[in-house]
Structure formats: structure tokens, C-alpha cells
$ cat structure.txt   # compact mmCIF, C-alpha atoms
# COMPACT_ATOMS: atom_id res chain seq x y z
CA MET A 8 58.90 144.68 76.10
CA LYS A 9 60.30 142.66 79.00
CA THR A 10 64.05 142.05 79.39
CA LEU A 11 66.16 139.60 81.38
CA PHE A 12 69.85 138.92 81.69
CA ILE A 13 70.27 135.24 82.57
CA ASP A 14 73.11 134.95 85.07
CA ASP A 15 73.61 131.21 84.55
CA GLU A 16 75.92 130.20 81.72
CA VAL A 17 73.87 128.82 78.82
CA LYS A 18 75.36 126.93 75.88
CA TYR A 19 73.51 128.07 72.76
CA ILE A 20 72.92 125.06 70.49
CA GLY A 21 70.08 126.38 68.34
CA SER A 22 67.25 124.48 69.99
CA GLN A 23 66.58 127.52 72.19
CA LEU A 24 65.24 129.32 69.13
CA ALA A 25 61.80 127.84 69.71
CA PRO A 26 58.37 129.24 70.56
CA HIS A 27 57.84 129.85 74.27
CA TRP A 28 61.40 128.77 75.20
CA ILE A 29 61.75 131.95 77.26
CA TYR A 30 58.32 131.51 78.88
CA LYS A 31 58.88 127.83 79.70
CA ASN A 32 62.35 128.36 81.15
CA TYR A 33 62.21 131.86 82.66
CA LYS A 34 58.46 132.51 83.19
CA ILE A 35 58.41 135.62 80.99
CA GLN A 36 55.24 135.71 78.92
CA GLY A 37 54.71 137.95 75.90
CA ASP A 38 57.13 140.06 73.91
CA CYS A 39 60.54 139.82 75.52
CA ILE A 40 64.29 139.71 75.01
CA VAL A 41 66.80 137.76 77.09
CA ALA A 42 70.58 137.66 77.03
CA PHE A 43 73.09 135.12 78.30
CA ILE A 44 76.74 134.17 78.00
CA GLY A 45 78.08 130.77 77.01
CA GLU A 46 79.59 128.64 74.32
CA CYS A 47 77.79 128.64 70.96
CA ASP A 48 77.79 125.38 69.01
CA VAL A 49 75.03 125.09 66.40
CA ASN A 50 75.22 121.93 64.31
CA LEU A 51 73.69 121.83 60.85
CA VAL A 52 70.70 119.84 62.16
CA GLU A 53 69.64 122.80 64.37
CA MET A 54 70.46 125.50 61.80
CA VAL A 55 67.58 127.79 60.83
CA ASP A 56 69.57 129.58 58.11
CA ILE A 57 69.17 127.34 55.05
CA GLU A 58 72.04 129.15 53.28
CA ASP A 59 74.42 128.09 56.08
CA VAL A 60 73.14 124.51 55.80
CA ILE A 61 73.67 124.44 52.03
CA ASN A 62 77.17 125.89 52.47
CA ASN A 63 77.94 123.43 55.30
CA GLU A 64 78.74 126.28 57.71
CA PRO A 65 77.90 125.38 61.31
CA ILE A 66 78.31 128.13 63.91
CA TYR A 67 80.82 127.92 66.74
CA SER A 68 82.15 130.34 69.33
CA LYS A 69 84.06 129.42 72.46
CA LEU A 70 82.28 132.24 74.30
CA MET A 71 79.37 134.28 72.96
CA LEU A 72 76.87 136.81 74.22
CA SER A 73 73.50 135.60 72.92
CA PHE A 74 70.28 137.55 72.65
CA ILE A 75 67.01 135.73 72.04
CA THR A 76 63.81 137.64 71.50
CA GLU A 77 60.30 136.34 70.97
CA GLN A 78 57.65 138.71 69.65
CA PHE A 79 54.01 137.98 68.93
CA ASN A 80 51.43 139.24 66.43
CA ILE A 81 53.94 140.25 63.77
CA ASP A 82 54.88 138.71 60.45
CA LEU A 83 58.33 137.61 59.33
CA VAL A 84 59.07 140.76 57.33
CA GLU A 85 58.45 142.88 60.44
CA GLY A 86 60.51 140.37 62.39
CA VAL A 87 63.47 140.92 60.06
CA PHE A 88 63.04 144.68 60.46
CA ARG A 89 63.16 144.16 64.23
CA GLN A 90 66.23 141.92 63.83
CA ARG A 91 67.97 144.76 61.96
CA LEU A 92 66.87 147.15 64.72
CA LEU A 93 68.49 144.89 67.33
CA ILE A 94 71.69 144.79 65.28
CA SER A 95 71.59 148.60 65.05
CA CYS A 96 71.12 148.86 68.84
CA ILE A 97 74.22 146.69 69.37
CA LYS A 98 76.16 148.82 66.87
CA GLU A 99 75.05 152.05 68.59
CA GLU A 100 76.03 150.72 72.01
CA LEU A 101 79.49 149.77 70.73
CA GLU A 102 79.89 153.14 69.01
CA SER A 103 78.90 154.91 72.24
CA LEU A 104 81.95 153.17 73.76
CA GLY A 105 84.16 154.58 71.00
CA TYR A 106 84.41 151.63 68.60
CA LYS A 107 84.02 151.92 64.83
CA ILE A 108 81.66 149.14 63.79
CA LEU A 109 80.50 148.27 60.27
CA ARG A 110 77.02 146.88 59.72
CA ASN A 111 76.24 144.90 56.58
CA GLY A 112 72.63 143.69 56.71
CA ASP A 113 72.31 141.69 59.92
CA ASP A 114 76.07 141.28 60.41
CA LEU A 115 78.46 143.44 62.44
CA PHE A 116 82.18 143.74 61.75
CA PHE A 117 85.10 145.16 63.72
CA GLU A 118 88.35 145.69 61.83
CA ASN A 119 86.98 143.67 58.87
CA LYS A 120 86.34 140.60 61.05
CA LYS A 121 82.87 139.28 61.76
CA LEU A 122 81.65 140.16 65.25
CA SER A 123 78.12 138.73 65.19
CA VAL A 124 75.69 136.14 63.89
CA SER A 125 71.95 136.67 63.61
CA ILE A 126 68.81 134.99 62.33
CA ALA A 127 65.09 135.74 62.42
CA THR A 128 62.45 133.09 61.86
CA LYS A 129 58.74 132.60 62.24
CA SER A 130 57.03 130.00 64.40
CA LEU A 131 53.31 129.23 64.39
CA THR A 132 52.79 131.78 67.17
CA SER A 133 55.66 134.29 67.05
CA VAL A 134 58.78 135.67 65.46
CA LEU A 135 62.03 134.51 67.03
CA ILE A 136 65.40 136.22 66.73
CA HIS A 137 68.80 135.00 67.85
CA THR A 138 71.73 137.37 67.70
CA GLY A 139 75.12 136.32 69.01
CA VAL A 140 78.12 138.56 69.58
CA ASN A 141 81.50 136.88 69.99
CA ILE A 142 83.17 137.53 73.31
CA LEU A 143 86.33 135.59 72.47
CA SER A 144 87.68 135.15 68.95
CA GLU A 145 89.87 132.09 69.48
CA GLY A 146 88.60 128.76 68.16
CA ALA A 147 86.12 130.21 65.65
CA PRO A 148 86.02 128.51 62.23
CA ILE A 149 86.46 131.87 60.44
CA PRO A 150 88.33 135.09 61.35
CA VAL A 151 86.17 136.89 63.93
CA SER A 152 86.37 139.71 66.44
CA GLY A 153 85.32 139.44 70.07
CA LEU A 154 83.93 141.87 72.62
CA LYS A 155 86.62 140.99 75.14
CA SER A 156 89.50 139.70 73.02
CA GLU A 157 89.59 142.51 70.42
CA LEU A 158 87.47 145.32 71.86
CA GLY A 159 88.55 144.94 75.49
CA ILE A 160 85.00 144.99 76.91
CA ASP A 161 85.21 143.26 80.28
CA ASN A 162 81.71 143.89 81.63
CA VAL A 163 79.70 141.97 79.04
CA LYS A 164 76.67 141.72 81.35
CA GLU A 165 76.40 145.52 81.60
CA PHE A 166 76.85 145.79 77.83
CA ALA A 167 74.05 143.24 77.28
CA LYS A 168 71.70 145.05 79.66
CA ASN A 169 72.34 148.35 77.87
CA VAL A 170 71.60 146.77 74.48
CA MET A 171 68.38 145.17 75.76
CA LYS A 172 67.29 148.49 77.28
CA ARG A 173 67.93 150.30 73.98
CA TYR A 174 66.03 147.65 72.01
CA SER A 175 63.12 147.43 74.43
CA GLU A 176 62.72 151.22 74.52
CA GLU A 177 62.84 151.41 70.70
CA ILE A 178 60.14 148.73 70.30
CA ASP A 179 57.95 150.28 73.01
CA ASP A 180 58.38 153.75 71.48
CA ILE A 181 57.48 152.47 67.99
CA ILE A 182 54.31 150.87 69.32
CA LEU A 183 53.43 154.02 71.30
CA ALA A 184 53.99 156.15 68.19
CA THR A 185 51.25 154.20 66.41
CA THR A 186 48.75 155.32 69.04
CA LYS A 187 49.20 159.07 68.60
CA VAL A 188 48.34 159.52 64.95
CA ARG A 189 45.02 160.23 63.29
CA GLY A 190 44.02 157.94 60.47
CA VAL A 191 43.59 159.49 57.01
$ encode --input "structure.txt" --output "C-alpha cells"
Amino acid sequence: MKTLFIDDEVKYIGSQLAPHWIYKNYKIQGDCIVAFIGECDVNLVEMVDIEDVINNEPIYSKLMLSFITEQFNIDLVEGVFRQRLLISCIKEELESLGYKILRNGDDLFFENKKLSVSIATKSLTSVLIHTGVNILSEGAPIPVSGLKSELGIDNVKEFAKNVMKRYSEEIDDIILATTKVRGV
């Protein structure tokens, strides 16, 4: 799986969760994961999570680390498994830095405050996942924790690269594992 940290600031508005967005904008074809930093402001019109739409809960963060991954030739159930794997990779990276993080489904919490948002969806050609991790907590519509504001992580780019490396290696290793077994 290919990885890229996008150095330019990107405001995540939800429309980036679209088939071939990574390929069209960053020339990375095939299974990949990218990360970027920027404001997150997803209005209800762009929301993929129907529950959030019904509950009138748009997403906002003054500064967020976003991961977008596009993966082909899998169904939505496998995509949700992979979403949970990405969340687990983020949790493991934070725990390797000494933080106690709680995972509940596809959400991460630090000191009982929400640290992340995440959604997996299916397009006609791929499964798309967006996972955002708050960098700053101020200005959020609910009590949240942030990588910098509460956890004191200053090098968010390095953190993002480590998470993408973990995730990419896990996916590649899972696929490789399927090639070493004998059918029964």
C-alpha cells in the first residue's frame, strides 16, 4: 500500500471522500493512504454518516490530522474491518508514546473526551475511509481532546507518517499471509 503525507494544508470538507480523489490530486493509483493537516468543516450536505445527518451533528475541528485511504477490490464489511485496523494503528502509535487511549468501535478517546472521527463507505469502485484526529480541541462543538492541545504532540507530521507506515505494513502483511497457506 502506498503512503503520502501532503505537506500543503488541506481543509477537509467531506468532498474529498470520493473515488480517485487521491489519484486525481496526487497521482497515486491503487490502494493508498494519505494524511494532511487542516481545518475540518463537514456540513450535513457532505456527511456520509446518516446517523450524524439524522442527529443534525456536523463535524468541525479548527485543526485536524486527516487520513484518507482508498482501497480496491474489497467489500464494505472488509472496509469497516480495515477502518477499525486504522483506528487500532493510531491507538497503538499513541500508546507507544505513553498515552492511555480508549477505543470504542471506530472512536478514540483520551481522558473521556473524543479524540477522533471516522467513517468508511463504498463507492462504485472502491472502499473509502476518512479518519480525523483532532490536533486542537478549542472550537469543537463537543468536548474533545487534541494531539497538540491535550497530549502535547508537536510533530504531527512524524506521528502521521508512523501511523501510515503501521497501517500500510499491516495491510501488506495481511495480503502476503494469504499467499502462504495451502487450501483445504
$ closest_residue --input "structure.txt" --among "A:Ile94, A:Ala42, A:Gln78, A:Asn62" --to "A:Gly112" --atoms "only C-alpha atoms"
A:Ile94
$ atom_distance --input "structure.txt" --atom1 "atom CA of A:Ser73" --atom2 "atom CA of A:Val163"
10.8 Å
$ closest_residue --input "structure.txt" --among "A:Asn111, A:Ser103, A:Thr128, A:Ser22" --to "A:Leu51" --atoms "all atoms listed in the file"
A:Ser22
$ residues_near_point --input "structure.txt" --point "(60.2, 129.7, 74.7)" --cutoff "12 Å" --atoms "all atoms listed in the file" --output "JSON, numbers by chain"
{"A": [22, 23, 24, 25, 26, 27, 28, 29, 30, 31, 32, 33, 34, 35, 36, 37, 38, 39, 40, 41, 75, 76, 77, 78, 79, 130, 132, 133, 134, 135, 136]}
$ closest_residue --input "structure.txt" --among "A:Glu177, A:Lys164, A:Glu85, A:Leu158" --to "A:Glu102" --atoms "all atoms listed in the file"
A:Leu158
$ atom_distance --input "structure.txt" --atom1 "atom CA of A:Lys69" --atom2 "atom CA of A:Ser95"
24.0 Å
$ atom_distance --input "structure.txt" --atom1 "atom CA of A:Asp161" --atom2 "atom CA of A:Leu72"
12.2 Å
$ residues_around --input "structure.txt" --residues "A:Ser144" --least-positions-apart "6" --cutoff "8 Å" --atoms "all atoms listed in the file" --output "list in words"
Ser68, Lys69, Pro150, Val151, Ser152, Gly153, Ser156 and Glu157 of chain A
$ residues_around --input "structure.txt" --residues "A:Leu104" --least-positions-apart "3" --cutoff "12 Å" --atoms "only C-alpha atoms" --output "PyMOL selection string"
chain A and resi 97-101+107-108+154+158-160+166+169
$ closest_residue --input "structure.txt" --among "A:Leu83, A:Ile61, A:Val55, A:Val188" --to "A:Leu131" --atoms "all atoms listed in the file"
A:Leu83
